[in-house]
>>> print(open('coords39.txt').read())   # compact mmCIF, C-alpha atoms
# COMPACT_ATOMS: atom_id res chain seq x y z
CA MET A 25 0.00 0.00 0.00
CA HIS A 26 2.84 2.40 0.78
CA ASP A 27 4.06 2.07 -2.84
CA LEU A 28 0.97 4.09 -3.69
CA TRP A 29 2.64 7.03 -1.96
CA SER A 30 6.12 6.73 -3.48
CA GLU A 31 7.34 9.83 -5.30
CA ASP A 32 9.66 10.40 -8.22
CA LEU A 33 11.39 13.41 -6.69
CA ALA A 34 13.66 14.12 -9.65
CA GLY A 35 10.77 13.89 -12.09
CA GLN A 36 8.62 16.10 -9.88
CA ALA A 37 11.42 18.65 -9.63
CA LEU A 38 11.64 18.93 -13.41
CA ARG A 39 7.88 19.04 -13.85
CA GLY A 40 7.63 21.53 -11.00
CA GLN A 41 10.00 23.85 -12.83
CA GLU A 42 7.83 23.65 -15.95
CA LEU A 43 4.54 24.19 -14.13
CA GLY A 44 6.00 26.84 -11.87
CA SER A 45 7.36 28.83 -14.78
CA ALA A 46 3.96 28.71 -16.46
CA LEU A 47 1.57 29.04 -13.50
CA CYS A 48 3.31 30.32 -10.35
CA ALA A 49 3.44 34.02 -9.53
CA CYS A 50 4.34 33.47 -5.85
CA ASP A 51 7.16 35.46 -4.27
CA GLY A 52 10.59 33.90 -4.54
CA TYR A 53 9.71 31.48 -7.36
CA TYR A 54 8.43 29.24 -4.60
CA HIS A 55 6.71 26.49 -6.58
CA THR A 56 9.20 26.65 -9.43
CA LEU A 57 12.05 25.81 -7.04
CA TRP A 58 10.44 23.68 -4.34
CA GLY A 59 10.92 20.32 -6.05
CA SER A 60 14.54 21.10 -6.93
CA LEU A 61 15.33 22.07 -3.34
CA ARG A 62 13.58 18.98 -2.07
CA VAL A 63 15.36 16.46 -4.32
CA ALA A 64 18.68 18.08 -3.40
CA GLY A 65 17.97 17.64 0.31
CA VAL A 66 17.79 21.35 1.06
CA ASN A 67 14.18 20.98 2.21
CA ASN A 68 13.06 17.73 3.82
CA THR A 69 9.29 18.39 3.96
CA MET A 70 7.70 15.91 6.38
CA LYS A 71 10.59 13.47 6.68
CA GLY A 72 11.85 14.62 10.06
CA GLU A 73 8.48 14.59 11.81
CA ALA A 74 6.54 11.81 10.10
CA SER A 75 6.71 9.37 13.02
CA ILE A 76 5.53 11.80 15.71
CA LEU A 77 2.84 13.17 13.41
CA ALA A 78 1.57 9.63 12.81
CA GLU A 79 1.53 8.95 16.56
CA LEU A 80 -0.40 12.13 17.35
CA MET A 81 -2.90 11.65 14.52
CA LEU A 82 -3.62 7.96 15.17
CA PRO A 83 -6.43 8.48 17.75
CA PHE A 84 -8.27 10.73 15.30
CA LEU A 85 -8.24 8.46 12.24
CA ARG A 86 -11.23 6.49 11.04
CA ASP A 87 -12.53 5.01 7.83
CA ALA A 88 -14.12 7.03 5.03
CA MET A 89 -12.89 10.39 6.27
CA ARG A 90 -12.96 13.53 4.17
CA VAL A 91 -9.50 15.06 4.55
CA MET A 92 -8.50 18.52 3.35
CA ILE A 93 -4.87 19.57 3.03
CA GLY A 94 -4.63 23.34 3.27
CA GLY A 95 -1.70 24.55 1.21
CA SER A 96 0.81 22.21 -0.41
CA ALA A 97 3.91 22.84 -2.53
CA ASP A 98 3.86 19.44 -4.26
CA PRO A 99 2.52 15.89 -3.63
CA GLY A 100 4.76 15.51 -0.57
CA VAL A 101 2.22 16.35 2.13
CA LEU A 102 -0.47 14.27 0.39
CA CYS A 103 1.94 11.31 0.38
CA GLY A 104 2.98 11.85 3.99
CA ILE A 105 -0.63 11.94 5.19
CA GLY A 106 -1.52 9.05 2.88
CA ARG A 107 1.13 6.88 4.53
CA ILE A 108 -0.25 7.72 7.97
CA TYR A 109 -3.75 6.70 6.88
CA ALA A 110 -2.69 3.49 5.09
CA PRO A 111 -4.35 1.06 4.61
CA ARG A 112 -7.32 3.39 4.94
CA LEU A 113 -8.01 5.47 1.85
CA PRO A 114 -9.72 8.73 2.75
CA SER A 115 -11.14 11.14 0.23
CA PHE A 116 -8.58 13.93 -0.15
CA THR A 117 -8.99 17.55 -1.14
CA VAL A 118 -5.92 19.75 -1.59
CA ILE A 119 -6.40 23.52 -1.55
CA ASP A 120 -3.87 26.12 -2.61
CA LYS A 121 -3.99 29.67 -3.93
CA CYS A 122 -1.40 28.83 -6.61
CA ARG A 123 -2.28 26.69 -9.62
CA ALA A 124 1.23 25.24 -10.09
CA PRO A 125 1.31 22.75 -7.17
CA LEU A 126 -2.31 21.81 -7.79
CA ALA A 127 -1.50 20.84 -11.38
CA LEU A 128 1.41 18.70 -10.14
CA ILE A 129 -0.79 17.05 -7.50
CA ASP A 130 -3.52 16.39 -10.07
CA GLU A 131 -0.98 14.61 -12.27
CA PHE A 132 0.31 12.54 -9.35
CA ALA A 133 -3.16 11.55 -8.16
CA SER A 134 -4.27 10.62 -11.67
CA ALA A 135 -1.18 8.45 -12.25
CA LYS A 136 -1.55 6.71 -8.88
CA GLY A 137 -5.32 6.38 -8.85
CA VAL A 138 -5.60 8.34 -5.60
CA ASP A 139 -8.99 9.77 -4.61
CA CYS A 140 -7.86 13.38 -4.54
CA ARG A 141 -9.27 16.55 -6.02
CA THR A 142 -7.77 20.01 -5.95
CA LEU A 143 -9.35 23.42 -5.38
CA HIS A 144 -7.75 26.68 -6.47
CA ILE A 145 -8.81 28.94 -3.62
CA ASP A 146 -7.29 30.95 -0.78
CA LEU A 147 -7.98 29.41 2.63
CA VAL A 148 -9.18 32.77 3.87
CA ASP A 149 -12.09 32.54 1.43
CA LEU A 150 -13.52 29.28 2.78
CA ASP A 151 -17.08 29.90 3.96
CA GLY A 152 -18.14 26.60 5.52
CA ARG A 153 -20.42 25.53 2.69
CA GLU A 154 -18.20 22.47 2.28
CA GLN A 155 -16.93 20.68 5.35
CA TRP A 156 -14.24 18.12 6.03
CA ASP A 157 -13.68 15.61 8.84
CA GLN A 158 -10.04 16.55 9.10
CA ILE A 159 -8.01 19.54 7.93
CA VAL A 160 -4.22 19.31 7.78
CA LEU A 161 -1.93 22.34 7.62
CA HIS A 162 1.75 21.55 7.18
CA TYR A 163 3.74 24.75 7.78
CA THR A 164 0.93 26.67 6.10
CA ALA A 165 0.60 29.04 9.05
CA ASP A 166 4.19 30.19 8.45
CA PHE A 167 3.08 31.58 5.08
CA MET A 168 -0.04 33.37 6.33
CA ASP A 169 0.05 37.13 6.59
CA ALA A 170 -0.02 37.92 10.30
CA HIS A 171 -3.08 40.15 10.00
CA LEU A 172 -5.03 37.39 8.24
CA ARG A 173 -4.23 34.46 10.54
CA ALA A 174 -7.26 34.90 12.79
CA ARG A 175 -9.60 35.13 9.81
CA VAL A 176 -8.06 32.03 8.21
CA PHE A 177 -8.50 29.99 11.38
CA ARG A 178 -12.14 31.07 11.61
CA SER A 179 -12.63 29.96 8.02
CA LEU A 180 -10.98 26.63 8.78
CA ALA A 181 -13.12 26.11 11.87
CA ALA A 182 -16.26 26.81 9.84
CA SER A 183 -15.10 24.20 7.32
CA LEU A 184 -14.65 21.44 9.92
CA ALA A 185 -17.50 18.99 10.27
CA PRO A 186 -18.84 18.41 13.80
CA GLY A 187 -16.37 16.20 15.64
CA GLY A 188 -13.67 17.06 13.11
CA THR A 189 -10.02 17.80 13.83
CA LEU A 190 -7.56 20.43 12.66
CA ILE A 191 -3.94 19.29 12.55
CA CYS A 192 -1.52 22.20 12.33
CA GLY A 193 2.18 21.50 11.96
CA THR A 194 4.26 24.65 11.88
CA MET A 195 7.71 26.08 12.52
CA THR A 196 7.61 28.09 15.71
CA GLY A 197 10.07 29.57 18.13
CA GLU A 198 12.25 32.60 18.62
CA SER A 199 13.04 34.47 15.42
CA PRO A 200 16.71 35.21 14.59
CA PRO A 201 17.90 38.82 14.90
CA ALA A 202 16.65 40.96 12.03
CA ASP A 203 20.04 42.66 11.64
CA ARG A 204 21.52 39.30 10.56
CA ARG A 205 19.20 39.02 7.58
CA SER A 206 21.84 39.44 4.87
CA GLU A 207 24.10 36.89 6.55
CA MET A 208 21.24 34.41 6.84
CA GLU A 209 20.39 34.78 3.18
CA ALA A 210 24.01 34.33 2.11
CA ALA A 211 24.40 31.23 4.28
CA TYR A 212 21.24 29.67 2.88
CA ILE A 213 22.24 30.43 -0.72
CA ALA A 214 25.68 28.87 -0.21
CA ARG A 215 24.23 25.73 1.34
CA ALA A 216 21.47 25.38 -1.24
CA MET A 217 23.76 25.86 -4.22
CA ALA A 218 26.30 23.37 -2.89
CA LEU A 219 23.62 20.69 -2.44
CA LEU A 220 21.95 21.49 -5.76
CA LYS A 221 25.20 21.16 -7.68
CA ASP A 222 25.60 17.66 -6.22
CA SER A 223 22.06 16.58 -7.11
CA PRO A 224 19.97 15.52 -10.12
CA MET A 225 19.37 19.26 -10.67
CA ALA A 226 23.07 20.06 -11.16
CA ALA A 227 22.70 21.00 -14.82
CA TYR A 228 20.09 23.62 -13.93
CA ALA A 229 21.75 24.85 -10.75
CA GLY A 230 24.81 25.97 -12.67
CA THR A 231 22.98 28.63 -14.65
CA PRO A 232 22.89 32.33 -13.67
CA GLU A 233 19.10 32.37 -14.06
CA PHE A 234 18.67 29.54 -11.57
CA GLU A 235 20.99 31.16 -9.03
CA GLN A 236 19.05 34.43 -9.35
CA LYS A 237 15.87 32.54 -8.49
CA ILE A 238 17.56 30.92 -5.49
CA ARG A 239 18.56 34.37 -4.26
CA ALA A 240 14.95 35.55 -4.52
CA TYR A 241 13.77 32.39 -2.74
CA ALA A 242 16.32 32.90 0.05
CA ALA A 243 15.16 36.48 0.60
CA CYS A 244 11.52 35.40 1.01
CA ARG A 245 12.49 32.47 3.22
CA THR A 246 14.46 34.74 5.52
CA ILE A 247 11.56 37.18 5.86
CA ARG A 248 9.31 34.28 6.93
CA ARG A 249 11.84 33.13 9.49
CA LEU A 250 12.05 36.59 11.00
CA SER A 251 8.35 36.49 11.89
CA LEU A 252 7.64 32.92 12.95
CA PRO A 253 4.39 32.35 14.85
CA THR A 254 4.68 30.95 18.35
CA ALA A 255 2.99 27.74 19.45
CA ALA A 256 0.98 29.80 21.95
CA LEU A 257 -0.27 32.02 19.13
CA ILE A 258 -1.43 29.03 17.08
CA CYS A 259 -3.24 27.64 20.11
CA ASP A 260 -4.92 31.01 20.72
CA LEU A 261 -5.96 31.25 17.06
CA ALA A 262 -7.58 27.83 17.28
CA ARG A 263 -9.36 28.60 20.55
CA ASN A 264 -10.58 32.00 19.36
CA ALA A 265 -11.99 30.28 16.26
CA GLY A 266 -14.10 28.09 18.54
CA LEU A 267 -11.95 24.97 18.55
CA ARG A 268 -10.78 22.86 21.52
CA LEU A 269 -7.08 22.15 22.00
CA LEU A 270 -6.58 18.37 21.98
CA GLN A 271 -2.85 17.79 21.55
CA MET A 272 0.35 19.80 21.33
CA HIS A 273 3.86 18.53 20.70
CA GLN A 274 7.07 20.51 20.25
CA THR A 275 10.45 19.33 19.01
CA ALA A 276 13.46 21.62 19.29
CA ARG A 277 15.97 21.34 16.49
CA ALA A 278 19.33 23.15 16.55
CA ARG A 279 20.18 24.72 13.22
CA ARG A 280 23.53 26.11 12.19
CA SER A 281 22.65 27.35 8.72
CA HIS A 282 21.92 30.91 9.80
CA ALA A 283 25.32 32.50 9.19
CA GLY A 284 26.89 30.37 11.91
CA MET A 285 24.30 31.38 14.51
CA ASP A 286 23.10 28.71 16.92
CA VAL A 287 19.45 29.36 16.22
CA VAL A 288 17.03 26.81 17.64
CA ASP A 289 13.92 26.20 15.57
CA THR A 290 10.94 24.44 17.07
CA SER A 291 8.63 22.22 15.08
CA SER A 292 5.19 22.31 16.68
CA ILE A 293 2.21 20.06 15.97
CA ILE A 294 -1.09 21.28 17.35
CA ILE A 295 -4.35 19.36 17.09
CA ALA A 296 -7.65 21.08 17.79
CA GLY A 297 -11.19 19.72 17.56
CA LYS A 298 -14.65 20.98 16.84
>>> encode(input="coords39.txt", output="structure tokens")
Amino acid sequence: MHDLWSEDLAGQALRGQELGSALCACDGYYHTLWGSLRVAGVNNTMKGEASILAELMLPFLRDAMRVMIGGSADPGVLCGIGRIYAPRLPSFTVIDKCRAPLALIDEFASAKGVDCRTLHIDLVDLDGREQWDQIVLHYTADFMDAHLRARVFRSLAASLAPGGTLICGTMTGESPPADRRSEMEAAYIARAMALLKDSPMAAYAGTPEFEQKIRAYAACRTIRRLSLPTAALICDLARNAGLRLLQMHQTARARRSHAGMDVVDTSSIIIAGK
């Protein structure tokens, strides 16, 4: 059953570049580059937290669930959640405000025969007319504009069926000093380019155009990391939207890719229920 969720990362990276170039207008060439960064090992998506996420989600799984994934850069989150559900096969819906990842996910689901549809919509525009038994956000909150987070969580709560659960995995913790921004960007670019040039994307990574895109990506990534939400904030957003806090787990991870700074990131998984 798990073979159903296997990914061709190199193929997805190439296809992601094509679809991103045609369909993505997101800051930092996000969906154009995501697959390349992932296959090179720069981004690990769900790999580092799959086991704890599966453990936390287990009590809330049941057959024939309607599962919505809110925001996804490629099929990675769908596959990660699919493995947790296996051998169950829920009905999946993936929502994103960019058409590029949705096109890639559509192609994956069609090739694998996965029950998954995609919706091109911003989460903030959900109105509760359609409801799901479970909503999964994987680092989506990190990309939300701060002034819209409360509204998004209210929209998500309205879109949860009675008894449903919201699973929110996000990067939280203390933000690095803002005056180190240029150093952080330079450190990320150096690390990314080194890994890319030793990956299946080496032929692309060596071009000036590709490096320019990586620089734009690094700038947007750094801005996000300078304004990380806290776990307490996510819990408050869920409660204020009318949800009950059911589980919270935090894992501290020391990172040394921020210009030599010993910055500790925290991966938080918060589960709330309706």
>>> atom_distance(input="coords39.txt", atom1="atom CA of Val148 of chain A", atom2="atom CA of Gln274 of chain A")
26.1 Å
>>> residues_near_point(input="coords39.txt", point="(20.3, 29.3, -10.6)", cutoff="10 Å", atoms="only C-alpha atoms", output="number ranges by chain")
A: 57, 217, 220-221, 226-239
>>> residues_around(input="coords39.txt", residues="Ser45 of chain A", least_positions_apart="6", cutoff="9 Å", atoms="all atoms listed in the file", output="ChimeraX atom specification")
/A:53,55-56,124
>>> write_last_selection(input="coords39.txt", atoms="C-alpha atoms", output="short mmCIF file (atom, residue, chain, number, x, y, z; two decimals), keeping the file's coordinate frame")
data_model
loop_
_atom_site.label_atom_id
_atom_site.label_comp_id
_atom_site.auth_asym_id
_atom_site.auth_seq_id
_atom_site.Cartn_x
_atom_site.Cartn_y
_atom_site.Cartn_z
CA TYR A 53 9.71 31.48 -7.36
CA HIS A 55 6.71 26.49 -6.58
CA THR A 56 9.20 26.65 -9.43
CA ALA A 124 1.23 25.24 -10.09
#
>>> atom_distance(input="coords39.txt", atom1="atom CA of Glu79 of chain A", atom2="atom CA of Asp139 of chain A")
23.7 Å
>>> closest_residue(input="coords39.txt", among="A:Arg86, A:Lys298, A:Arg263, A:His162", to="Val118 of chain A", atoms="all atoms listed in the file")
A:His162
>>> closest_residue(input="coords39.txt", among="A:Ala211, A:Ser251, A:Arg141, A:Met195", to="Thr275 of chain A", atoms="only C-alpha atoms")
A:Met195
>>> residues_around(input="coords39.txt", residues="Glu131 of chain A", least_positions_apart="3", cutoff="12 Å", atoms="only C-alpha atoms", output="VMD selection string")
chain A and resid 31 35 to 36 39 to 40 43 98 to 99 124 to 128 134 to 138 140 to 142
>>> atom_distance(input="coords39.txt", atom1="atom CA of Leu269 of chain A", atom2="atom CA of Leu190 of chain A")
9.5 Å
>>> closest_residue(input="coords39.txt", among="A:Ser30, A:Asn264, A:Thr290, A:Ser60", to="Ala174 of chain A", atoms="only C-alpha atoms")
A:Asn264
>>> closest_residue(input="coords39.txt", among="A:Met225, A:Cys122, A:Ile76, A:Met208", to="Gln41 of chain A", atoms="only C-alpha atoms")
A:Met225
>>> closest_residue(input="coords39.txt", among="A:Val176, A:Leu184, A:Ile247, A:Leu61", to="Ala202 of chain A", atoms="only C-alpha atoms")
A:Ile247
>>> closest_residue(input="coords39.txt", among="A:Arg245, A:His144, A:Arg62, A:Arg175", to="Leu219 of chain A", atoms="all atoms listed in the file")
A:Arg62
>>> axis_aligned_box(input="coords39.txt", around="segment 37-46 of chain A", padding_each_side="4 Å", output="JSON")
{"center_x": 7.8, "center_y": 23.7, "center_z": -13.0, "size_x": 15.7, "size_y": 18.2, "size_z": 14.8}
>>> decode(input="coords39.txt", residues="segment 134-234 of chain A", atoms="C-alpha atoms", output="mmCIF file, in the first residue's frame")
data_model
loop_
_atom_site.group_PDB
_atom_site.id
_atom_site.type_symbol
_atom_site.label_atom_id
_atom_site.label_comp_id
_atom_site.auth_asym_id
_atom_site.auth_seq_id
_atom_site.Cartn_x
_atom_site.Cartn_y
_atom_site.Cartn_z
ATOM 1 C CA SER A 134 -4.271 10.616 -11.667
ATOM 2 C CA ALA A 135 -1.185 8.453 -12.252
ATOM 3 C CA LYS A 136 -1.546 6.709 -8.876
ATOM 4 C CA GLY A 137 -5.320 6.378 -8.845
ATOM 5 C CA VAL A 138 -5.603 8.343 -5.596
ATOM 6 C CA ASP A 139 -8.988 9.773 -4.609
ATOM 7 C CA CYS A 140 -7.863 13.384 -4.536
ATOM 8 C CA ARG A 141 -9.271 16.551 -6.017
ATOM 9 C CA THR A 142 -7.775 20.012 -5.948
ATOM 10 C CA LEU A 143 -9.347 23.420 -5.378
ATOM 11 C CA HIS A 144 -7.752 26.677 -6.469
ATOM 12 C CA ILE A 145 -8.807 28.943 -3.620
ATOM 13 C CA ASP A 146 -7.290 30.946 -0.775
ATOM 14 C CA LEU A 147 -7.982 29.406 2.635
ATOM 15 C CA VAL A 148 -9.175 32.769 3.873
ATOM 16 C CA ASP A 149 -12.095 32.545 1.429
ATOM 17 C CA LEU A 150 -13.515 29.280 2.781
ATOM 18 C CA ASP A 151 -17.077 29.898 3.963
ATOM 19 C CA GLY A 152 -18.137 26.597 5.520
ATOM 20 C CA ARG A 153 -20.419 25.534 2.688
ATOM 21 C CA GLU A 154 -18.201 22.470 2.281
ATOM 22 C CA GLN A 155 -16.931 20.679 5.351
ATOM 23 C CA TRP A 156 -14.236 18.119 6.028
ATOM 24 C CA ASP A 157 -13.683 15.613 8.841
ATOM 25 C CA GLN A 158 -10.039 16.550 9.100
ATOM 26 C CA ILE A 159 -8.010 19.537 7.932
ATOM 27 C CA VAL A 160 -4.219 19.306 7.777
ATOM 28 C CA LEU A 161 -1.927 22.337 7.622
ATOM 29 C CA HIS A 162 1.750 21.552 7.182
ATOM 30 C CA TYR A 163 3.737 24.750 7.782
ATOM 31 C CA THR A 164 0.933 26.674 6.097
ATOM 32 C CA ALA A 165 0.599 29.040 9.047
ATOM 33 C CA ASP A 166 4.191 30.191 8.450
ATOM 34 C CA PHE A 167 3.078 31.576 5.079
ATOM 35 C CA MET A 168 -0.041 33.369 6.326
ATOM 36 C CA ASP A 169 0.048 37.131 6.585
ATOM 37 C CA ALA A 170 -0.022 37.921 10.297
ATOM 38 C CA HIS A 171 -3.084 40.151 10.002
ATOM 39 C CA LEU A 172 -5.034 37.388 8.238
ATOM 40 C CA ARG A 173 -4.232 34.456 10.536
ATOM 41 C CA ALA A 174 -7.261 34.902 12.792
ATOM 42 C CA ARG A 175 -9.596 35.132 9.810
ATOM 43 C CA VAL A 176 -8.056 32.031 8.211
ATOM 44 C CA PHE A 177 -8.504 29.992 11.382
ATOM 45 C CA ARG A 178 -12.143 31.068 11.613
ATOM 46 C CA SER A 179 -12.633 29.960 8.017
ATOM 47 C CA LEU A 180 -10.976 26.627 8.785
ATOM 48 C CA ALA A 181 -13.121 26.108 11.868
ATOM 49 C CA ALA A 182 -16.264 26.806 9.837
ATOM 50 C CA SER A 183 -15.098 24.201 7.320
ATOM 51 C CA LEU A 184 -14.648 21.442 9.916
ATOM 52 C CA ALA A 185 -17.501 18.987 10.273
ATOM 53 C CA PRO A 186 -18.843 18.405 13.804
ATOM 54 C CA GLY A 187 -16.368 16.196 15.637
ATOM 55 C CA GLY A 188 -13.668 17.057 13.110
ATOM 56 C CA THR A 189 -10.016 17.802 13.830
ATOM 57 C CA LEU A 190 -7.561 20.432 12.659
ATOM 58 C CA ILE A 191 -3.937 19.285 12.551
ATOM 59 C CA CYS A 192 -1.521 22.201 12.335
ATOM 60 C CA GLY A 193 2.179 21.496 11.957
ATOM 61 C CA THR A 194 4.265 24.648 11.878
ATOM 62 C CA MET A 195 7.708 26.076 12.519
ATOM 63 C CA THR A 196 7.613 28.091 15.708
ATOM 64 C CA GLY A 197 10.074 29.572 18.126
ATOM 65 C CA GLU A 198 12.247 32.603 18.621
ATOM 66 C CA SER A 199 13.040 34.470 15.424
ATOM 67 C CA PRO A 200 16.705 35.211 14.588
ATOM 68 C CA PRO A 201 17.903 38.821 14.902
ATOM 69 C CA ALA A 202 16.653 40.961 12.026
ATOM 70 C CA ASP A 203 20.039 42.658 11.641
ATOM 71 C CA ARG A 204 21.519 39.305 10.556
ATOM 72 C CA ARG A 205 19.199 39.016 7.575
ATOM 73 C CA SER A 206 21.837 39.440 4.865
ATOM 74 C CA GLU A 207 24.101 36.890 6.548
ATOM 75 C CA MET A 208 21.240 34.413 6.843
ATOM 76 C CA GLU A 209 20.395 34.777 3.179
ATOM 77 C CA ALA A 210 24.007 34.329 2.113
ATOM 78 C CA ALA A 211 24.403 31.230 4.283
ATOM 79 C CA TYR A 212 21.241 29.669 2.876
ATOM 80 C CA ILE A 213 22.239 30.429 -0.718
ATOM 81 C CA ALA A 214 25.679 28.873 -0.210
ATOM 82 C CA ARG A 215 24.230 25.726 1.344
ATOM 83 C CA ALA A 216 21.468 25.379 -1.241
ATOM 84 C CA MET A 217 23.761 25.863 -4.221
ATOM 85 C CA ALA A 218 26.297 23.369 -2.888
ATOM 86 C CA LEU A 219 23.625 20.691 -2.442
ATOM 87 C CA LEU A 220 21.945 21.487 -5.763
ATOM 88 C CA LYS A 221 25.200 21.157 -7.681
ATOM 89 C CA ASP A 222 25.599 17.658 -6.216
ATOM 90 C CA SER A 223 22.058 16.582 -7.105
ATOM 91 C CA PRO A 224 19.975 15.524 -10.123
ATOM 92 C CA MET A 225 19.369 19.258 -10.673
ATOM 93 C CA ALA A 226 23.073 20.057 -11.158
ATOM 94 C CA ALA A 227 22.699 20.997 -14.823
ATOM 95 C CA TYR A 228 20.090 23.621 -13.932
ATOM 96 C CA ALA A 229 21.754 24.851 -10.752
ATOM 97 C CA GLY A 230 24.814 25.972 -12.667
ATOM 98 C CA THR A 231 22.976 28.631 -14.652
ATOM 99 C CA PRO A 232 22.890 32.332 -13.672
ATOM 100 C CA GLU A 233 19.098 32.374 -14.057
ATOM 101 C CA PHE A 234 18.672 29.535 -11.566
#
